[in-house]
$ cat coords00.txt   # compact mmCIF, C-alpha atoms and all ligand atoms
# COMPACT_ATOMS: atom_id res chain seq x y z
CA MET L 1 21.86 9.16 -4.80
CA PRO L 2 18.84 11.27 -5.73
CA THR L 3 19.06 15.02 -5.45
CA ARG L 4 16.46 16.21 -2.96
CA ALA L 5 15.15 19.70 -2.66
CA THR L 6 12.32 20.35 -0.25
CA LYS L 7 11.27 23.91 -0.78
CA ARG L 8 9.69 26.01 1.93
CA GLY L 9 8.56 29.64 1.96
CA ALA L 10 10.68 31.90 -0.27
CA ASP L 11 12.69 28.86 -1.40
CA ARG L 12 9.57 27.50 -3.02
CA THR L 13 10.68 28.82 -6.39
CA PRO L 14 8.58 28.34 -9.52
CA LEU L 15 9.03 25.07 -11.42
CA ASP L 16 9.23 25.00 -15.22
CA ARG L 17 10.92 21.80 -16.35
CA ASP L 18 11.10 19.12 -19.01
CA CYS L 19 12.16 15.53 -18.35
CA ASP L 20 11.90 12.06 -19.93
CA VAL L 21 9.88 10.46 -17.14
CA LEU L 22 7.84 12.27 -14.50
CA ILE L 23 6.89 10.17 -11.48
CA CYS L 24 4.17 11.82 -9.38
CA GLY L 25 4.15 10.38 -5.85
CA ALA L 26 7.24 9.40 -3.85
CA SER L 27 5.98 6.52 -1.74
CA PHE L 28 6.13 2.75 -2.37
CA ALA L 29 4.83 2.71 -5.96
CA GLY L 30 6.67 5.80 -7.21
CA LEU L 31 10.00 4.80 -5.66
CA ALA L 32 9.70 1.29 -7.16
CA VAL L 33 9.16 2.79 -10.64
CA ALA L 34 12.27 4.96 -10.20
CA ARG L 35 14.35 1.98 -9.07
CA GLU L 36 13.75 0.22 -12.38
CA LEU L 37 14.78 3.31 -14.35
CA ALA L 38 18.14 3.72 -12.62
CA GLY L 39 21.08 3.53 -15.00
CA LYS L 40 18.85 3.53 -18.08
CA GLY L 41 19.97 6.99 -19.21
CA ALA L 42 16.61 8.67 -18.71
CA GLN L 43 16.16 12.06 -17.07
CA VAL L 44 13.73 11.12 -14.31
CA MET L 45 11.90 13.60 -12.07
CA MET L 46 9.85 12.71 -9.04
CA ILE L 47 7.50 15.04 -7.20
CA ASP L 48 5.53 14.72 -3.99
CA ARG L 49 3.82 17.23 -1.76
CA TYR L 50 6.03 16.03 1.12
CA GLU L 51 9.67 15.11 1.46
CA ILE L 52 10.48 11.48 0.73
CA GLY L 53 9.52 9.37 3.75
CA GLU L 54 8.03 12.33 5.65
CA ARG L 55 4.43 11.07 5.96
CA GLN L 56 3.96 7.44 6.92
CA THR L 57 1.06 5.99 4.98
CA SER L 58 0.56 2.60 6.67
CA ALA L 59 1.25 0.15 9.52
CA CYS L 60 4.24 -0.92 7.40
CA GLY L 61 3.77 -4.68 7.53
CA ILE L 62 5.04 -6.75 4.60
CA PRO L 63 6.21 -10.32 3.84
CA THR L 64 9.86 -10.38 4.94
CA LEU L 65 10.84 -11.91 1.59
CA TRP L 66 9.96 -8.61 -0.09
CA LEU L 67 12.30 -6.64 2.21
CA GLU L 68 15.05 -9.15 1.46
CA ALA L 69 14.46 -9.21 -2.29
CA LEU L 70 14.69 -5.42 -2.50
CA ASP L 71 17.67 -5.20 -0.13
CA LEU L 72 15.61 -3.14 2.33
CA MET L 73 16.32 -5.09 5.52
CA GLY L 74 18.04 -1.98 6.88
CA SER L 75 14.55 -0.64 7.61
CA HIS L 76 13.36 -3.87 9.29
CA ARG L 77 11.86 -3.66 12.78
CA GLN L 78 10.30 -7.00 13.82
CA THR L 79 9.49 -10.42 12.30
CA PHE L 80 6.53 -12.73 12.98
CA GLY L 81 6.12 -16.39 12.06
CA GLU L 82 2.58 -16.59 13.38
CA LEU L 83 -0.65 -14.69 12.82
CA VAL L 84 -3.02 -14.48 15.79
CA ILE L 85 -6.71 -13.94 14.93
CA HIS L 86 -9.18 -13.02 17.68
CA THR L 87 -12.96 -13.28 17.33
CA PRO L 88 -15.48 -12.80 20.16
CA HIS L 89 -15.61 -16.58 20.64
CA THR L 90 -12.11 -17.85 19.89
CA THR L 91 -8.47 -17.08 19.24
CA ALA L 92 -6.77 -18.87 16.35
CA ARG L 93 -3.02 -19.07 15.74
CA TYR L 94 -1.79 -19.70 12.22
CA ARG L 95 1.82 -20.70 11.71
CA LEU L 96 2.69 -18.98 8.41
CA PRO L 97 4.68 -20.67 5.63
CA TRP L 98 6.64 -17.40 5.32
CA THR L 99 7.22 -14.61 7.81
CA PHE L 100 5.75 -11.14 8.00
CA SER L 101 7.78 -8.12 9.13
CA THR L 102 7.26 -4.54 10.15
CA PHE L 103 9.62 -1.81 8.98
CA ASP L 104 10.37 1.87 9.51
CA TYR L 105 8.75 4.02 6.79
CA PRO L 106 11.33 6.86 6.50
CA GLU L 107 14.19 4.37 6.50
CA LEU L 108 12.60 2.18 3.84
CA CYS L 109 11.84 5.17 1.62
CA SER L 110 15.37 6.46 2.00
CA LEU L 111 16.88 3.06 1.12
CA LEU L 112 14.57 2.61 -1.87
CA ALA L 113 15.19 6.16 -3.09
CA GLY L 114 18.92 5.42 -2.91
CA GLN L 115 18.41 2.65 -5.47
CA GLY L 116 16.98 5.19 -7.93
CA ASP L 117 18.56 8.01 -9.89
CA PHE L 118 16.24 11.01 -10.13
CA GLN L 119 15.69 14.65 -9.33
CA PHE L 120 13.21 15.26 -6.56
CA GLU L 121 11.06 18.32 -5.87
CA THR L 122 8.29 18.91 -3.37
CA ALA L 123 5.21 20.13 -5.19
CA LYS L 124 1.49 19.47 -4.99
CA VAL L 125 0.07 17.96 -8.18
CA ASP L 126 -3.13 19.69 -9.28
CA GLY L 127 -3.82 18.05 -12.65
CA ARG L 128 -2.61 17.42 -16.16
CA SER L 129 -3.20 18.51 -19.72
CA ALA L 130 -1.57 16.28 -22.38
CA ASP L 131 2.14 15.91 -21.47
CA THR L 132 2.09 18.73 -18.91
CA VAL L 133 1.55 18.19 -15.19
CA HIS L 134 0.33 21.24 -13.31
CA THR L 135 1.62 21.73 -9.79
CA ASP L 136 1.34 24.45 -7.18
CA ARG L 137 4.90 25.48 -8.17
CA GLY L 138 4.47 25.45 -11.92
CA GLU L 139 4.49 23.06 -14.85
CA ILE L 140 6.54 19.95 -15.63
CA ARG L 141 6.45 18.36 -19.08
CA ALA L 142 7.30 14.73 -19.85
CA PRO L 143 6.35 12.23 -22.57
CA LEU L 144 6.08 9.51 -19.89
CA ILE L 145 3.99 10.33 -16.82
CA VAL L 146 3.30 8.05 -13.84
CA ASP L 147 0.53 8.63 -11.30
CA ALA L 148 1.69 7.00 -8.04
CA LEU L 149 -0.29 9.53 -6.00
CA GLY L 150 -2.44 7.13 -4.03
CA TRP L 151 -6.21 6.60 -3.90
CA ARG L 152 -7.18 10.02 -5.29
CA ARG L 153 -5.90 9.07 -8.78
CA VAL L 154 -5.25 12.77 -9.31
CA LEU L 155 -4.21 12.39 -12.96
CA GLY L 156 -7.17 10.25 -13.98
CA GLY L 157 -9.71 11.66 -16.41
CA GLY L 158 -13.21 12.63 -15.40
CA GLU L 159 -14.60 13.68 -12.07
CA PRO L 160 -12.81 12.01 -9.15
CA ILE L 161 -15.13 9.78 -7.13
CA GLN L 162 -14.96 10.84 -3.52
CA PRO L 163 -15.59 8.67 -0.46
CA PRO L 164 -17.95 7.37 0.78
CA ASP L 165 -19.28 6.60 -2.73
CA ALA L 166 -15.99 5.29 -4.13
CA TYR L 167 -14.72 1.73 -3.66
CA LEU L 168 -12.70 2.67 -0.62
CA SER L 169 -12.14 1.29 2.84
CA ARG L 170 -10.97 3.55 5.65
CA GLY L 171 -8.13 2.88 8.06
CA LEU L 172 -6.86 4.62 11.16
CA GLU L 173 -4.11 3.67 13.57
CA VAL L 174 -2.24 4.96 16.59
CA HIS L 175 1.47 4.52 17.31
CA PRO L 176 2.05 4.23 21.08
CA GLU L 177 5.52 3.45 22.38
CA GLY L 178 5.93 -0.07 23.75
CA SER L 179 6.67 -3.57 22.64
CA ALA L 180 4.85 -6.83 21.95
CA ASP L 181 5.65 -10.20 20.41
CA GLU L 182 2.59 -11.06 18.36
CA LEU L 183 1.04 -9.95 15.09
CA GLU L 184 -2.65 -9.79 15.99
CA ILE L 185 -5.92 -9.29 14.12
CA TRP L 186 -9.43 -8.79 15.58
CA ILE L 187 -12.54 -9.77 13.63
CA ASP L 188 -14.98 -8.37 16.12
CA ARG L 189 -18.08 -6.23 15.61
CA ARG L 190 -17.30 -4.34 18.80
CA TYR L 191 -14.53 -2.66 16.82
CA VAL L 192 -15.94 -2.64 13.30
CA PRO L 193 -19.04 -4.22 11.69
CA ALA L 194 -17.16 -5.06 8.48
CA GLY L 195 -13.39 -5.02 8.66
CA TYR L 196 -10.78 -5.79 11.27
CA GLY L 197 -8.59 -4.36 14.00
CA TRP L 198 -4.86 -4.95 14.23
CA SER L 199 -1.81 -4.70 16.44
CA PHE L 200 1.50 -4.65 14.54
CA PRO L 201 4.49 -4.37 16.90
CA ALA L 202 7.53 -2.63 15.43
CA ASP L 203 10.36 -2.86 17.94
CA ARG L 204 9.77 0.13 20.22
CA GLU L 205 6.27 1.05 19.07
CA VAL L 206 3.04 -0.83 18.48
CA ARG L 207 0.81 0.14 15.56
CA VAL L 208 -2.79 -0.40 16.66
CA GLY L 209 -5.61 0.35 14.25
CA VAL L 210 -9.00 -0.42 12.78
CA GLY L 211 -9.94 -0.73 9.11
CA SER L 212 -13.52 -0.62 7.86
CA PHE L 213 -14.54 -1.99 4.46
CA ASP L 214 -17.56 0.30 4.74
CA PRO L 215 -16.33 3.88 4.28
CA ARG L 216 -19.38 5.20 6.15
CA PHE L 217 -18.24 3.63 9.42
CA HIS L 218 -16.03 6.02 11.38
CA VAL L 219 -13.14 4.15 12.97
CA LYS L 220 -11.81 6.80 15.35
CA ASP L 221 -13.73 5.76 18.47
CA THR L 222 -13.11 2.05 18.04
CA THR L 223 -9.41 2.58 17.29
CA VAL L 224 -9.20 4.35 20.65
CA GLN L 225 -11.23 1.53 22.24
CA LEU L 226 -8.93 -1.18 20.83
CA ALA L 227 -5.84 0.72 21.99
CA ARG L 228 -7.30 1.11 25.48
CA ASP L 229 -8.33 -2.58 25.58
CA LEU L 230 -4.65 -3.37 24.89
CA ASP L 231 -3.49 -0.92 27.59
CA ARG L 232 -1.92 1.31 24.95
CA GLU L 233 -2.12 5.09 24.76
CA PRO L 234 -4.00 6.27 21.66
CA VAL L 235 -1.30 8.64 20.44
CA GLY L 236 0.27 9.38 17.05
CA TYR L 237 -2.78 9.12 14.78
CA GLN L 238 -2.43 8.30 11.14
CA GLY L 239 -5.16 7.31 8.73
CA ASN L 240 -6.20 7.25 5.12
CA TRP L 241 -8.61 5.84 2.58
CA ILE L 242 -7.69 2.46 1.13
CA PRO L 243 -8.90 1.44 -2.36
CA HIS L 244 -10.44 -2.01 -2.46
CA ARG L 245 -11.15 -2.34 -6.15
CA ILE L 246 -8.61 -2.65 -8.94
CA ARG L 247 -8.92 0.00 -11.67
CA GLU L 248 -7.50 0.52 -15.17
CA ALA L 249 -3.71 0.84 -14.86
CA THR L 250 -3.48 3.16 -17.86
CA GLU L 251 -5.71 6.02 -18.92
CA GLY L 252 -5.23 9.01 -21.23
CA GLY L 253 -1.59 8.05 -21.86
CA VAL L 254 -0.74 8.01 -18.12
CA PHE L 255 0.60 5.00 -16.17
CA PHE L 256 -1.14 4.40 -12.81
CA THR L 257 0.48 2.26 -10.16
CA GLY L 258 -0.15 1.37 -6.52
CA ASP L 259 -3.27 2.73 -4.81
CA SER L 260 -4.01 5.04 -7.77
CA ALA L 261 -4.74 1.88 -9.81
CA GLY L 262 -6.51 0.16 -6.91
CA HIS L 263 -3.53 -2.18 -6.54
CA CYS L 264 -4.25 -2.70 -2.83
CA LEU L 265 -5.54 -6.18 -2.04
CA PRO L 266 -9.16 -6.28 -0.83
CA LEU L 267 -9.89 -8.18 2.42
CA THR L 268 -6.38 -7.75 3.89
CA ALA L 269 -5.81 -4.14 2.71
CA GLU L 270 -2.23 -5.14 1.96
CA GLY L 271 -1.07 -2.55 -0.53
CA ILE L 272 2.68 -2.11 0.00
CA ARG L 273 4.06 -5.17 -1.74
CA THR L 274 1.52 -4.76 -4.56
CA ALA L 275 2.54 -1.10 -4.96
CA LEU L 276 6.17 -2.26 -5.17
CA TYR L 277 5.27 -5.12 -7.54
CA PHE L 278 3.23 -3.05 -10.00
CA GLY L 279 5.67 -0.16 -9.64
CA ILE L 280 8.49 -2.47 -10.73
CA ALA L 281 6.38 -3.76 -13.65
CA CYS L 282 5.60 -0.19 -14.72
CA GLY L 283 9.25 0.89 -14.37
CA ARG L 284 10.41 -2.01 -16.57
CA GLU L 285 8.02 -1.03 -19.35
CA LEU L 286 9.16 2.59 -19.14
CA ALA L 287 12.82 1.53 -19.20
CA ASP L 288 12.17 -0.24 -22.51
CA VAL L 289 10.65 2.92 -23.95
CA VAL L 290 13.57 5.05 -22.81
CA SER L 291 16.08 2.63 -24.34
CA GLY L 292 14.14 2.55 -27.63
CA ARG L 293 13.12 -1.11 -27.35
CA GLN L 294 9.41 -0.28 -27.49
CA THR L 295 7.08 2.64 -28.11
CA LYS L 296 5.09 4.41 -25.43
CA ALA L 297 1.90 2.97 -26.94
CA ALA L 298 3.30 -0.57 -26.61
CA ALA L 299 4.34 0.10 -23.00
CA LEU L 300 0.86 1.38 -22.14
CA ALA L 301 -0.73 -1.69 -23.72
CA ARG L 302 1.67 -4.16 -22.09
CA TYR L 303 1.49 -2.62 -18.61
CA GLY L 304 -2.30 -2.29 -18.79
CA ALA L 305 -2.58 -5.94 -19.83
CA PHE L 306 -0.17 -7.06 -17.08
CA SER L 307 -2.25 -5.36 -14.43
CA ALA L 308 -5.47 -6.76 -15.93
CA THR L 309 -4.19 -10.35 -15.67
CA HIS L 310 -4.37 -9.88 -11.88
CA ARG L 311 -7.94 -8.59 -11.91
CA TRP L 312 -9.53 -11.97 -11.15
CA GLN L 313 -7.40 -12.36 -7.99
CA PHE L 314 -8.40 -8.90 -6.73
CA GLU L 315 -12.07 -9.55 -7.52
CA TRP L 316 -11.97 -12.93 -5.82
CA MET L 317 -10.58 -11.31 -2.67
CA LEU L 318 -13.24 -8.61 -2.87
CA ARG L 319 -15.91 -11.32 -2.88
CA VAL L 320 -14.42 -12.81 0.32
CA GLN L 321 -14.22 -9.30 1.82
CA ARG L 322 -17.97 -8.93 1.22
CA LEU L 323 -18.74 -12.43 2.53
CA ILE L 324 -16.91 -12.40 5.88
CA PRO L 325 -19.03 -9.68 7.57
CA ARG L 326 -22.15 -11.71 6.72
CA ILE L 327 -20.92 -14.75 8.66
CA PRO L 328 -22.51 -14.82 12.14
CA PRO L 329 -19.81 -14.31 14.80
CA ARG L 330 -20.57 -17.75 16.33
CA ALA L 331 -19.86 -19.46 13.01
CA LEU L 332 -16.48 -17.72 12.69
CA ALA L 333 -14.91 -19.81 15.46
CA PRO L 334 -15.42 -23.28 13.86
CA GLY L 335 -14.56 -21.76 10.46
CA LEU L 336 -11.24 -20.40 11.74
CA ARG L 337 -10.46 -23.74 13.43
CA LEU L 338 -11.08 -25.60 10.15
CA MET L 339 -8.92 -23.16 8.21
CA GLY L 340 -6.16 -23.62 10.81
CA ASP L 341 -5.23 -26.98 9.32
CA ARG L 342 -1.51 -26.73 8.55
CA ARG L 343 -1.85 -27.84 4.93
CA PHE L 344 -4.66 -25.36 4.31
CA VAL L 345 -2.71 -22.49 5.89
CA ASP L 346 0.36 -23.28 3.77
CA TRP L 347 -1.72 -23.63 0.61
CA SER L 348 -3.78 -20.46 1.10
CA PHE L 349 -0.93 -18.22 2.28
CA ASN L 350 1.38 -19.41 -0.51
CA HIS L 351 -1.32 -18.63 -3.07
CA TYR L 352 -1.84 -15.27 -1.41
CA LEU L 353 1.89 -14.47 -1.61
CA ALA L 354 1.95 -15.57 -5.27
CA ILE L 355 -0.39 -12.70 -6.24
CA ALA L 356 2.66 -10.44 -5.97
CA HIS L 357 5.60 -12.77 -5.41
CA PRO L 358 9.00 -11.42 -4.29
CA SER L 359 10.74 -13.45 -7.03
CA PHE L 360 9.38 -10.78 -9.41
CA VAL L 361 12.08 -8.41 -8.14
CA THR L 362 14.81 -10.43 -9.85
CA GLY L 363 12.62 -12.01 -12.52
C1 LIG B 401 -3.98 2.94 8.52
C2 LIG B 401 -3.43 2.13 7.37
C3 LIG B 401 -2.60 1.06 7.61
C4 LIG B 401 -2.10 0.29 6.54
N1 LIG B 401 -1.25 -0.76 6.82
C5 LIG B 401 -0.73 -1.48 5.81
C6 LIG B 401 0.22 -2.51 6.08
O1 LIG B 401 0.62 -2.75 7.22
N2 LIG B 401 0.69 -3.25 5.03
C7 LIG B 401 0.31 -2.98 3.73
O2 LIG B 401 0.77 -3.68 2.82
N3 LIG B 401 -0.56 -1.98 3.45
C8 LIG B 401 -1.07 -1.21 4.44
N4 LIG B 401 -1.93 -0.18 4.15
C9 LIG B 401 -2.20 0.16 2.73
C10 LIG B 401 -0.98 0.91 2.16
O3 LIG B 401 -0.67 1.99 3.00
C11 LIG B 401 -1.22 1.46 0.75
O4 LIG B 401 -1.81 0.49 -0.06
C12 LIG B 401 0.13 1.91 0.17
O5 LIG B 401 0.64 3.00 0.92
C13 LIG B 401 0.01 2.30 -1.30
O6 LIG B 401 1.24 2.84 -1.74
P1 LIG B 401 1.28 3.96 -2.88
O7 LIG B 401 2.71 4.26 -3.11
O8 LIG B 401 0.45 3.53 -4.04
O9 LIG B 401 0.49 5.22 -2.28
P2 LIG B 401 0.79 6.09 -0.99
O10 LIG B 401 1.67 5.34 -0.04
O11 LIG B 401 -0.53 6.58 -0.51
O12 LIG B 401 1.64 7.31 -1.54
C14 LIG B 401 1.10 8.34 -2.31
C15 LIG B 401 2.09 9.48 -2.33
O13 LIG B 401 1.55 10.54 -3.14
C16 LIG B 401 1.66 11.77 -2.46
N5 LIG B 401 0.56 12.61 -2.93
C17 LIG B 401 -0.76 12.37 -2.83
N6 LIG B 401 -1.47 13.35 -3.43
C18 LIG B 401 -0.55 14.23 -3.91
C19 LIG B 401 -0.64 15.44 -4.66
N7 LIG B 401 -1.82 15.96 -5.04
N8 LIG B 401 0.50 16.06 -5.00
C20 LIG B 401 1.71 15.56 -4.64
N9 LIG B 401 1.85 14.43 -3.94
C21 LIG B 401 0.74 13.76 -3.58
C22 LIG B 401 1.60 11.42 -0.98
O14 LIG B 401 2.24 12.42 -0.21
C23 LIG B 401 2.34 10.08 -0.94
O15 LIG B 401 3.71 10.23 -0.73
C24 LIG B 401 -2.45 0.61 5.20
C25 LIG B 401 -3.29 1.71 4.95
C26 LIG B 401 -3.76 2.46 6.03
C27 LIG B 401 -4.65 3.66 5.74
$ encode --input "coords00.txt" --output "structure tokens"
Amino acid sequence: MPTRATKRGADRTPLDRDCDVLICGASFAGLAVARELAGKGAQVMMIDRYEIGERQTSACGIPTLWLEALDLMGSHRQTFGELVIHTPHTTARYRLPWTFSTFDYPELCSLLAGQGDFQFETAKVDGRSADTVHTDRGEIRAPLIVDALGWRRVLGGGEPIQPPDAYLSRGLEVHPEGSADELEIWIDRRYVPAGYGWSFPADREVRVGVGSFDPRFHVKDTTVQLARDLDREPVGYQGNWIPHRIREATEGGVFFTGDSAGHCLPLTAEGIRTALYFGIACGRELADVVSGRQTKAAALARYGAFSATHRWQFEWMLRVQRLIPRIPPRALAPGLRLMGDRRFVDWSFNHYLAIAHPSFVTG
């Protein structure tokens, strides 16, 4: 089990440490990297500004196969075999070739952290010079550094690009108590001109939100509107920026994984399984460095190339993301009906799953 030490007030003692691998960010991507390093003999440190699992970063929906592959079903909340898509003129129901599930964020993080072997400290990462990461509690040095810090890409070189100019979508959701049976999506300009609304039930709560591909569109009012339209109380807000363009997965000797590398899929904004997938890939390369099977330079090259082989899939989805808002709402209904053909649904959803397939966990 990892050693955890959340420091508050006077306990927030200065940090001055050395380690073999420093993982910055303790959410999906960072925890997946750590999992692959367990038992490899490396001294691994992980830092995050919050305790592990303290701040939920998403609606926590994922293909069930990923929860099973990573032995994380203990965090499972609800499973759906069907996706319901509403437009102003129709409602389409797609029977999926695989199921989708919601899970509990703190429980999943705790289970995933338990598969790793690392020291954990709460600290805010401010930047880096060479092998030294600067935090609000002091400095940590490591030859291998991972940025799993999310969309800000804190350890990237150059000036960070801030929204709304960056390639970012924005998402906001509320978490009212209650229950429901269906996984629902709204493609409806009443809620967002380019993007979608969602309702993801998770046992005793329903996660209702709106995501906009255009970062200039503020989603607060329409998230409230969607919640009210569903007779849900708009309580328990949680939102963030969501990258919708893949970026270089290595830069300046640092490994980037998850949202920091733009590993969130455009169009669907599904970024959990991809954060896990690329986190595992990154962790495997680092494990080979630690065990002396390859150099750091080789690991950077191999991981960067691995991520780049997925670029065409991310860019293809970005093209569809840009296309859909241009389709007149009336034309969406016949389009959705056509795409509802069973063979097409199976084909498209299986290809979609293959972008980051759960078999990678054991592969
Ligand atoms: C409203 C909303 C709903 C979403 N729903 C889904 C969904 O249902 N399914 C799905 O697949 N994707 C969803 N996404 C996208 C998904 O949340 C992200 O793609 C995913 O969280 C990326 O994981 P990550 O580990 O790369 O980054 P994050 O989960 O963002 O984790 C980054 C970590 O770094 C820490 N951190 C950040 N900056 C610092 C710093 N300076 N110092 C120290 N620590 C820092 C944070 O505390 C956090 O723990 C949603 C996004 C939003 C905004």
$ residues_near_ligand --input "coords00.txt" --ligand "ligand LIG 401 (chain B)" --cutoff "7 Å" --atoms "all atoms listed in the file" --output "PyMOL selection string"
chain L and resi 24-30+47-50+55+57-62+123-126+148-152+154+170-173+209+238-242+257-260+264+269-273+275
$ closest_residue --input "coords00.txt" --among "L:Gly292, L:Gly211, L:Gly116, L:Gly252" --to "Gly304 (chain L)" --atoms "all atoms listed in the file"
L:Gly252
$ closest_residue --input "coords00.txt" --among "L:His263, L:Val206, L:Ile187, L:Phe314" --to "Thr90 (chain L)" --atoms "only C-alpha atoms"
L:Ile187
$ residues_near_point --input "coords00.txt" --point "(-20.5, -2.4, 7.9)" --cutoff "12 Å" --atoms "only C-alpha atoms" --output "list in words"
Ser169, Arg170, Asp188, Arg189, Arg190, Tyr191, Val192, Pro193, Ala194, Gly195, Tyr196, Gly211, Ser212, Phe213, Asp214, Pro215, Arg216, Phe217, His218, Val219, Gln321, Arg322, Leu323, Ile324, Pro325 and Arg326 of chain L
$ closest_residue --input "coords00.txt" --among "L:Arg95, L:Gly41, L:Thr64, L:Arg17" --to "Arg77 (chain L)" --atoms "only C-alpha atoms"
L:Thr64
$ closest_residue --input "coords00.txt" --among "L:Glu121, L:Asp229, L:Asp104, L:Glu248" --to "Pro201 (chain L)" --atoms "only C-alpha atoms"
L:Asp104
$ closest_residue --input "coords00.txt" --among "L:Thr122, L:Phe306, L:Asp131, L:Leu300" --to "Asp288 (chain L)" --atoms "only C-alpha atoms"
L:Leu300
$ closest_residue --input "coords00.txt" --among "L:Leu112, L:Ala356, L:Leu265, L:Val224" --to "Leu318 (chain L)" --atoms "only C-alpha atoms"
L:Leu265
$ residues_near_point --input "coords00.txt" --point "(11.2, 2.8, -13.1)" --cutoff "9 Å" --atoms "all atoms listed in the file" --output "ChimeraX atom specification"
/L:21,23,30-38,44,116,279-287
$ residues_around --input "coords00.txt" --residues "His310 (chain L)" --least-positions-apart "2" --cutoff "12 Å" --atoms "all atoms listed in the file" --output "compact mmCIF listing (two decimals) with C-alpha atoms, keeping the file's coordinate frame"
# COMPACT_ATOMS: atom_id res chain seq x y z
CA ARG L 245 -11.15 -2.34 -6.15
CA ILE L 246 -8.61 -2.65 -8.94
CA ARG L 247 -8.92 0.00 -11.67
CA GLU L 248 -7.50 0.52 -15.17
CA ALA L 249 -3.71 0.84 -14.86
CA ALA L 261 -4.74 1.88 -9.81
CA GLY L 262 -6.51 0.16 -6.91
CA HIS L 263 -3.53 -2.18 -6.54
CA CYS L 264 -4.25 -2.70 -2.83
CA LEU L 265 -5.54 -6.18 -2.04
CA THR L 274 1.52 -4.76 -4.56
CA TYR L 277 5.27 -5.12 -7.54
CA PHE L 278 3.23 -3.05 -10.00
CA TYR L 303 1.49 -2.62 -18.61
CA GLY L 304 -2.30 -2.29 -18.79
CA ALA L 305 -2.58 -5.94 -19.83
CA PHE L 306 -0.17 -7.06 -17.08
CA SER L 307 -2.25 -5.36 -14.43
CA ALA L 308 -5.47 -6.76 -15.93
CA TRP L 312 -9.53 -11.97 -11.15
CA GLN L 313 -7.40 -12.36 -7.99
CA PHE L 314 -8.40 -8.90 -6.73
CA GLU L 315 -12.07 -9.55 -7.52
CA TRP L 316 -11.97 -12.93 -5.82
CA MET L 317 -10.58 -11.31 -2.67
CA ALA L 354 1.95 -15.57 -5.27
CA ILE L 355 -0.39 -12.70 -6.24
CA ALA L 356 2.66 -10.44 -5.97
